[in-house]
$ cat my_file-v8.pdb   # PDB, C-alpha atoms, pLDDT in the B column
ATOM      1  CA  MET A  10      -5.399   8.438  -9.394  1.00 62.00           C
ATOM      2  CA  GLU A  11      -5.057  12.195  -9.641  1.00 66.00           C
ATOM      3  CA  GLU A  12      -7.588  12.760  -6.853  1.00 67.00           C
ATOM      4  CA  ALA A  13      -5.832  10.280  -4.548  1.00 61.00           C
ATOM      5  CA  ARG A  14      -2.440  11.888  -5.186  1.00 59.00           C
ATOM      6  CA  ARG A  15      -3.830  15.373  -4.525  1.00 58.00           C
ATOM      7  CA  LEU A  16      -5.087  14.199  -1.134  1.00 54.00           C
ATOM      8  CA  HIS A  17      -1.987  12.115  -0.348  1.00 53.00           C
ATOM      9  CA  PRO A  18       1.057  12.936  -2.551  1.00 55.00           C
ATOM     10  CA  VAL A  19       3.011   9.755  -1.680  1.00 51.00           C
ATOM     11  CA  ILE A  20       0.231   7.159  -1.665  1.00 64.00           C
ATOM     12  CA  GLY A  21       1.270   4.090  -3.648  1.00 68.00           C
ATOM     13  CA  LEU A  22      -0.607   2.598  -6.579  1.00 73.00           C
ATOM     14  CA  VAL A  23      -1.560  -0.553  -4.682  1.00 72.00           C
ATOM     15  CA  LYS A  24      -3.085   1.530  -1.904  1.00 68.00           C
ATOM     16  CA  ILE A  25      -4.986   3.603  -4.472  1.00 74.00           C
ATOM     17  CA  TYR A  26      -6.333   0.375  -5.984  1.00 75.00           C
ATOM     18  CA  HIS A  27      -7.580  -0.901  -2.622  1.00 68.00           C
ATOM     19  CA  LEU A  28      -8.947   2.522  -1.709  1.00 68.00           C
ATOM     20  CA  TYR A  29     -11.173   2.747  -4.795  1.00 72.00           C
ATOM     21  CA  GLU A  30     -11.534  -0.963  -5.728  1.00 75.00           C
ATOM     22  CA  PRO A  31     -12.248  -0.225  -9.421  1.00 76.00           C
ATOM     23  CA  ASP A  32     -14.483  -2.680 -11.257  1.00 76.00           C
ATOM     24  CA  GLY A  33     -13.180  -4.769 -14.125  1.00 73.00           C
ATOM     25  CA  ILE A  34      -9.461  -4.507 -13.429  1.00 78.00           C
ATOM     26  CA  GLY A  35      -7.157  -6.501 -11.182  1.00 77.00           C
ATOM     27  CA  ARG A  36      -4.556  -5.055  -8.839  1.00 73.00           C
ATOM     28  CA  ASP A  37      -1.498  -5.820 -10.968  1.00 70.00           C
ATOM     29  CA  ALA A  38      -3.080  -4.548 -14.182  1.00 76.00           C
ATOM     30  CA  PHE A  39      -4.099  -1.350 -12.351  1.00 78.00           C
ATOM     31  CA  VAL A  40      -0.544  -0.875 -11.071  1.00 75.00           C
ATOM     32  CA  ALA A  41       0.895  -1.507 -14.542  1.00 74.00           C
ATOM     33  CA  LEU A  42      -1.396   1.128 -16.051  1.00 78.00           C
ATOM     34  CA  GLY A  43      -0.494   3.571 -13.292  1.00 74.00           C
ATOM     35  CA  LEU A  44       3.219   3.058 -13.868  1.00 73.00           C
ATOM     36  CA  ARG A  45       2.811   3.627 -17.600  1.00 72.00           C
ATOM     37  CA  ALA A  46       0.897   6.834 -16.830  1.00 74.00           C
ATOM     38  CA  GLY A  47       3.755   8.105 -14.647  1.00 70.00           C
ATOM     39  CA  TYR A  48       2.244   7.559 -11.200  1.00 68.00           C
ATOM     40  CA  GLY A  49       4.978   5.269  -9.875  1.00 62.00           C
ATOM     41  CA  LEU A  50       6.762   5.802  -6.564  1.00 52.00           C
ATOM     42  CA  ASP A  51      10.042   4.264  -5.400  1.00 43.00           C
ATOM     43  CA  LEU A  52       9.466   4.104  -1.656  1.00 38.00           C
ATOM     44  CA  TYR A  53       9.692   0.425  -0.802  1.00 38.00           C
ATOM     45  CA  THR A  54      13.128  -0.036   0.741  1.00 36.00           C
ATOM     46  CA  THR A  55      16.533   1.574   0.851  1.00 33.00           C
ATOM     47  CA  SER A  56      18.618  -1.588   0.791  1.00 38.00           C
ATOM     48  CA  SER A  57      18.443  -3.676  -2.355  1.00 42.00           C
ATOM     49  CA  TYR A  58      20.635  -5.492  -4.808  1.00 44.00           C
ATOM     50  CA  LYS A  59      20.406  -5.621  -8.571  1.00 45.00           C
ATOM     51  CA  LYS A  60      22.289  -8.014 -10.788  1.00 45.00           C
ATOM     52  CA  LYS A  61      25.161  -6.584 -12.795  1.00 42.00           C
ATOM     53  CA  GLY A  62      23.761  -4.231 -15.403  1.00 40.00           C
ATOM     54  CA  SER A  63      20.575  -3.804 -13.320  1.00 44.00           C
ATOM     55  CA  SER A  64      18.948  -6.695 -15.192  1.00 44.00           C
ATOM     56  CA  PRO A  65      16.164  -8.556 -13.363  1.00 72.00           C
ATOM     57  CA  PHE A  66      16.477 -12.250 -12.626  1.00 90.00           C
ATOM     58  CA  PRO A  67      14.893 -14.348 -15.394  1.00 92.00           C
ATOM     59  CA  ASN A  68      11.565 -16.123 -15.167  1.00 91.00           C
ATOM     60  CA  LEU A  69      12.646 -19.756 -14.735  1.00 92.00           C
ATOM     61  CA  LEU A  70       9.113 -21.175 -14.892  1.00 90.00           C
ATOM     62  CA  VAL A  71       8.626 -21.033 -18.660  1.00 85.00           C
ATOM     63  CA  GLY A  72       8.121 -24.568 -19.992  1.00 84.00           C
ATOM     64  CA  LYS A  73       8.627 -26.156 -16.554  1.00 86.00           C
ATOM     65  CA  TYR A  74       6.490 -28.895 -14.987  1.00 87.00           C
ATOM     66  CA  PHE A  75       6.491 -29.544 -11.256  1.00 90.00           C
ATOM     67  CA  THR A  76       5.872 -32.976  -9.813  1.00 93.00           C
ATOM     68  CA  ALA A  77       6.655 -32.729  -6.074  1.00 94.00           C
ATOM     69  CA  ILE A  78       6.856 -30.369  -3.129  1.00 95.00           C
ATOM     70  CA  ASN A  79       9.844 -28.055  -2.696  1.00 95.00           C
ATOM     71  CA  GLN A  80      10.331 -27.587  -6.422  1.00 95.00           C
ATOM     72  CA  LEU A  81       8.605 -24.195  -6.655  1.00 95.00           C
ATOM     73  CA  TRP A  82       7.866 -21.614  -3.980  1.00 96.00           C
ATOM     74  CA  SER A  83       6.020 -18.460  -4.963  1.00 95.00           C
ATOM     75  CA  SER A  84       5.947 -15.328  -2.795  1.00 95.00           C
ATOM     76  CA  ASP A  85       4.104 -12.035  -2.822  1.00 91.00           C
ATOM     77  CA  ILE A  86       3.029  -9.157  -0.599  1.00 89.00           C
ATOM     78  CA  THR A  87      -0.584  -8.081  -0.358  1.00 86.00           C
ATOM     79  CA  TYR A  88      -2.397  -5.432   1.652  1.00 81.00           C
ATOM     80  CA  PHE A  89      -5.237  -5.300   4.152  1.00 78.00           C
ATOM     81  CA  ALA A  90      -6.790  -2.148   5.581  1.00 78.00           C
ATOM     82  CA  ILE A  91      -7.992  -1.749   9.161  1.00 77.00           C
ATOM     83  CA  ASN A  92      -9.497   1.587  10.203  1.00 81.00           C
ATOM     84  CA  GLY A  93      -7.888   3.328   7.226  1.00 79.00           C
ATOM     85  CA  ARG A  94      -4.407   1.937   7.884  1.00 79.00           C
ATOM     86  CA  PHE A  95      -2.729  -0.556   5.563  1.00 83.00           C
ATOM     87  CA  TYR A  96      -0.957  -3.657   6.848  1.00 83.00           C
ATOM     88  CA  TYR A  97       1.171  -5.932   4.700  1.00 88.00           C
ATOM     89  CA  LEU A  98       0.696  -9.694   4.393  1.00 91.00           C
ATOM     90  CA  ILE A  99       3.587 -11.779   3.081  1.00 92.00           C
ATOM     91  CA  PHE A 100       2.979 -15.343   1.940  1.00 93.00           C
ATOM     92  CA  ILE A 101       5.247 -18.061   0.571  1.00 96.00           C
ATOM     93  CA  LEU A 102       3.343 -20.804  -1.223  1.00 94.00           C
ATOM     94  CA  ASP A 103       4.568 -24.261  -2.189  1.00 95.00           C
ATOM     95  CA  VAL A 104       2.890 -24.379  -5.595  1.00 93.00           C
ATOM     96  CA  TYR A 105       2.719 -28.180  -5.965  1.00 93.00           C
ATOM     97  CA  SER A 106       1.083 -28.851  -2.588  1.00 94.00           C
ATOM     98  CA  ARG A 107      -0.808 -25.504  -2.542  1.00 92.00           C
ATOM     99  CA  LYS A 108       0.346 -25.124   1.059  1.00 94.00           C
ATOM    100  CA  ILE A 109       1.387 -21.791   2.545  1.00 93.00           C
ATOM    101  CA  VAL A 110       4.770 -22.645   4.030  1.00 96.00           C
ATOM    102  CA  ALA A 111       5.376 -19.237   5.617  1.00 95.00           C
ATOM    103  CA  HIS A 112       3.655 -15.945   6.305  1.00 92.00           C
ATOM    104  CA  GLN A 113       4.231 -12.630   8.038  1.00 93.00           C
ATOM    105  CA  VAL A 114       1.994  -9.703   8.944  1.00 91.00           C
ATOM    106  CA  ALA A 115       3.844  -6.381   9.002  1.00 87.00           C
ATOM    107  CA  GLN A 116       3.278  -2.668   9.507  1.00 87.00           C
ATOM    108  CA  SER A 117       5.835  -1.693   6.852  1.00 86.00           C
ATOM    109  CA  LEU A 118       7.292  -2.851   3.540  1.00 87.00           C
ATOM    110  CA  HIS A 119      10.802  -3.303   4.943  1.00 92.00           C
ATOM    111  CA  ALA A 120      12.619  -6.310   3.520  1.00 93.00           C
ATOM    112  CA  LYS A 121      13.273  -7.712   7.024  1.00 95.00           C
ATOM    113  CA  HIS A 122       9.697  -9.020   7.127  1.00 94.00           C
ATOM    114  CA  ASN A 123      10.209 -10.979   3.900  1.00 96.00           C
ATOM    115  CA  VAL A 124      13.472 -12.325   5.309  1.00 97.00           C
ATOM    116  CA  ARG A 125      11.578 -13.620   8.356  1.00 96.00           C
ATOM    117  CA  ALA A 126       9.028 -15.309   6.105  1.00 97.00           C
ATOM    118  CA  LEU A 127      11.765 -16.952   4.036  1.00 98.00           C
ATOM    119  CA  ARG A 128      13.485 -18.268   7.141  1.00 97.00           C
ATOM    120  CA  MET A 129      10.149 -19.616   8.369  1.00 97.00           C
ATOM    121  CA  ALA A 130       9.626 -21.458   5.066  1.00 97.00           C
ATOM    122  CA  ILE A 131      13.097 -22.988   5.184  1.00 96.00           C
ATOM    123  CA  ARG A 132      12.500 -24.182   8.755  1.00 96.00           C
ATOM    124  CA  SER A 133       9.009 -25.522   8.060  1.00 95.00           C
ATOM    125  CA  ARG A 134      10.186 -27.567   5.070  1.00 95.00           C
ATOM    126  CA  GLN A 135      13.539 -28.467   6.693  1.00 94.00           C
ATOM    127  CA  ILE A 136      15.510 -27.267   3.687  1.00 93.00           C
ATOM    128  CA  THR A 137      19.274 -27.854   3.862  1.00 89.00           C
ATOM    129  CA  THR A 138      20.490 -27.231   0.339  1.00 83.00           C
ATOM    130  CA  ASN A 139      18.138 -27.764  -2.550  1.00 69.00           C
ATOM    131  CA  ASN A 140      19.352 -27.186  -6.085  1.00 74.00           C
ATOM    132  CA  ASP A 141      15.927 -28.213  -7.427  1.00 89.00           C
ATOM    133  CA  LEU A 142      13.946 -25.537  -5.559  1.00 96.00           C
ATOM    134  CA  ILE A 143      12.951 -22.340  -7.387  1.00 96.00           C
ATOM    135  CA  HIS A 144      11.836 -19.217  -5.519  1.00 96.00           C
ATOM    136  CA  HIS A 145       9.552 -17.121  -7.729  1.00 95.00           C
ATOM    137  CA  SER A 146       8.442 -13.548  -7.023  1.00 93.00           C
ATOM    138  CA  ASP A 147       7.881 -10.184  -8.599  1.00 89.00           C
ATOM    139  CA  GLN A 148      10.765  -7.721  -8.906  1.00 87.00           C
ATOM    140  CA  GLY A 149       9.959  -5.896  -5.673  1.00 87.00           C
ATOM    141  CA  SER A 150      12.994  -4.567  -3.852  1.00 87.00           C
ATOM    142  CA  GLN A 151      12.193  -6.768  -0.857  1.00 91.00           C
ATOM    143  CA  TYR A 152      13.089  -9.756  -3.041  1.00 92.00           C
ATOM    144  CA  THR A 153      16.312  -8.189  -4.295  1.00 91.00           C
ATOM    145  CA  ALA A 154      17.483  -7.047  -0.854  1.00 93.00           C
ATOM    146  CA  ASP A 155      20.968  -8.307   0.032  1.00 94.00           C
ATOM    147  CA  ALA A 156      19.798 -10.201   3.128  1.00 95.00           C
ATOM    148  CA  TYR A 157      17.098 -12.025   1.147  1.00 96.00           C
ATOM    149  CA  LEU A 158      19.374 -13.024  -1.712  1.00 96.00           C
ATOM    150  CA  LYS A 159      22.072 -14.217   0.665  1.00 96.00           C
ATOM    151  CA  ILE A 160      19.659 -16.711   2.216  1.00 96.00           C
ATOM    152  CA  LEU A 161      18.567 -18.002  -1.193  1.00 96.00           C
ATOM    153  CA  ASP A 162      22.217 -18.360  -2.181  1.00 95.00           C
ATOM    154  CA  LYS A 163      23.136 -20.101   1.074  1.00 95.00           C
ATOM    155  CA  TYR A 164      20.542 -22.825   0.470  1.00 96.00           C
ATOM    156  CA  HIS A 165      21.219 -23.029  -3.304  1.00 95.00           C
ATOM    157  CA  ILE A 166      17.654 -21.945  -4.058  1.00 96.00           C
ATOM    158  CA  GLN A 167      17.257 -20.727  -7.635  1.00 96.00           C
ATOM    159  CA  ILE A 168      15.884 -17.207  -8.119  1.00 96.00           C
ATOM    160  CA  SER A 169      13.066 -16.612 -10.594  1.00 95.00           C
ATOM    161  CA  MET A 170      11.271 -13.300 -11.128  1.00 92.00           C
ATOM    162  CA  CYS A 171       8.270 -12.130 -13.108  1.00 88.00           C
ATOM    163  CA  GLN A 172       8.996 -10.246 -16.289  1.00 81.00           C
ATOM    164  CA  SER A 173       5.448  -8.830 -16.264  1.00 74.00           C
ATOM    165  CA  VAL A 174       2.725  -8.337 -13.653  1.00 64.00           C
ATOM    166  CA  PHE A 175       0.850 -11.402 -14.929  1.00 67.00           C
ATOM    167  CA  GLU A 176       3.488 -14.042 -14.141  1.00 74.00           C
ATOM    168  CA  ASN A 177       2.820 -14.718 -10.456  1.00 75.00           C
ATOM    169  CA  THR A 178      -0.749 -15.978 -10.672  1.00 77.00           C
ATOM    170  CA  HIS A 179      -0.421 -18.863  -8.185  1.00 79.00           C
ATOM    171  CA  ILE A 180       0.241 -16.638  -5.194  1.00 78.00           C
ATOM    172  CA  GLU A 181      -2.034 -13.829  -6.461  1.00 76.00           C
ATOM    173  CA  ARG A 182      -4.955 -16.266  -6.365  1.00 78.00           C
ATOM    174  CA  VAL A 183      -4.095 -17.242  -2.791  1.00 79.00           C
ATOM    175  CA  ASN A 184      -3.904 -13.565  -1.788  1.00 76.00           C
ATOM    176  CA  GLY A 185      -7.377 -12.968  -3.179  1.00 76.00           C
ATOM    177  CA  ILE A 186      -8.880 -15.976  -1.416  1.00 79.00           C
ATOM    178  CA  ILE A 187      -7.373 -15.089   1.958  1.00 79.00           C
ATOM    179  CA  LYS A 188      -8.490 -11.470   1.791  1.00 77.00           C
ATOM    180  CA  ASN A 189     -11.858 -11.725   0.058  1.00 69.00           C
ATOM    181  CA  THR A 190     -13.087 -15.081   1.343  1.00 72.00           C
ATOM    182  CA  TYR A 191     -11.791 -14.933   4.897  1.00 68.00           C
ATOM    183  CA  LEU A 192     -10.324 -11.693   6.252  1.00 72.00           C
ATOM    184  CA  ILE A 193     -13.016  -9.349   4.955  1.00 67.00           C
ATOM    185  CA  HIS A 194     -15.711 -11.471   6.611  1.00 61.00           C
ATOM    186  CA  TRP A 195     -13.773 -11.947   9.860  1.00 64.00           C
ATOM    187  CA  SER A 196     -13.250  -8.152  10.026  1.00 68.00           C
ATOM    188  CA  PRO A 197     -10.192  -7.975  12.327  1.00 63.00           C
ATOM    189  CA  LYS A 198     -10.204  -4.668  14.200  1.00 59.00           C
ATOM    190  CA  ALA A 199      -6.509  -4.366  15.090  1.00 58.00           C
ATOM    191  CA  LEU A 200      -3.062  -5.638  14.106  1.00 57.00           C
ATOM    192  CA  ASN A 201      -2.984  -8.393  16.739  1.00 64.00           C
ATOM    193  CA  ALA A 202      -6.355  -9.682  15.573  1.00 61.00           C
ATOM    194  CA  LEU A 203      -5.116  -9.667  11.974  1.00 65.00           C
ATOM    195  CA  LYS A 204      -2.061 -11.688  13.007  1.00 64.00           C
ATOM    196  CA  ARG A 205      -4.254 -14.253  14.778  1.00 72.00           C
ATOM    197  CA  LYS A 206      -6.552 -14.612  11.782  1.00 60.00           C
ATOM    198  CA  THR A 207      -3.817 -14.869   9.142  1.00 64.00           C
TER
END
$ encode --input "my_file-v8.pdb" --output "structure tokens"
Amino acid sequence: MEEARRLHPVIGLVKIYHLYEPDGIGRDAFVALGLRAGYGLDLYTTSSYKKKGSSPFPNLLVGKYFTAINQLWSSDITYFAINGRFYYLIFILDVYSRKIVAHQVAQSLHAKHNVRALRMAIRSRQITTNNDLIHHSDQGSQYTADAYLKILDKYHIQISMCQSVFENTHIERVNGIIKNTYLIHWSPKALNALKRKT
């Protein structure tokens, strides 16, 4: 980590992980260790909302069983490098059906890209209001941005967030499959090619 930060003072922990691809440790565990060691950066977005008292939203999945589609959506952002540049892949997964209901490929971590993915998911599943649907994510500022939360509130979608880096395994597994089973072997050479392949 120290070497990467000397070369690039504002490189994020996720980018460091993908740059070095260390053996025996997953991305989230690597990030958690980096944060504990004081290597965290707060560069994701300038517009975000925190609940009163700055408390995160609770993890609503504990003890829950899901028996149909549109009961649990899980979302995450992952990263893919082309010619030394990182692009950001956003997926929303319906956990029961294992279907990706929305995705975006972006050049930045701005929350507007997550908002587009959420709107795509709502359109694709024809959601009107759904008190039974839970949206689960990490505590990234994209997911606490005002515009994102307003959409969830408008459609009565419940908000659930990880309390640790190990509580979003459904979508993490999908991220790994898409990147390591497909994209790496397809080797897209530019952003447009990455969009077509995703």
$ residues_around --input "my_file-v8.pdb" --residues "A:Ala115" --least-positions-apart "6" --cutoff "7 Å" --atoms "all atoms listed in the file" --output "list of chain:residue names"
A:Tyr96, A:Tyr97, A:Leu98, A:His122
$ atom_distance --input "my_file-v8.pdb" --atom1 "atom CA of A:Asn68" --atom2 "atom CA of A:Leu81"
12.1 Å
$ closest_residue --input "my_file-v8.pdb" --among "A:Asn184, A:Asn79, A:Gln167, A:Thr190" --to "A:Ser133" --atoms "all atoms listed in the file"
A:Asn79
$ resolve_selection --input "my_file-v8.pdb" --expression "the PyMOL selection byres ((chain A and resi 180) around 10)" --output "list of chain:residue names"
A:Trp82, A:Ser83, A:Ser84, A:Asp85, A:Ile86, A:Thr87, A:Phe100, A:Ile101, A:Leu102, A:Asp103, A:Val104, A:Arg107, A:Ile109, A:His145, A:Ser146, A:Glu176, A:Asn177, A:Thr178, A:His179, A:Glu181, A:Arg182, A:Val183, A:Asn184, A:Gly185, A:Ile186
$ closest_residue --input "my_file-v8.pdb" --among "A:Leu44, A:Ala38, A:Gln151, A:Ile166" --to "A:Asn123" --atoms "all atoms listed in the file"
A:Gln151
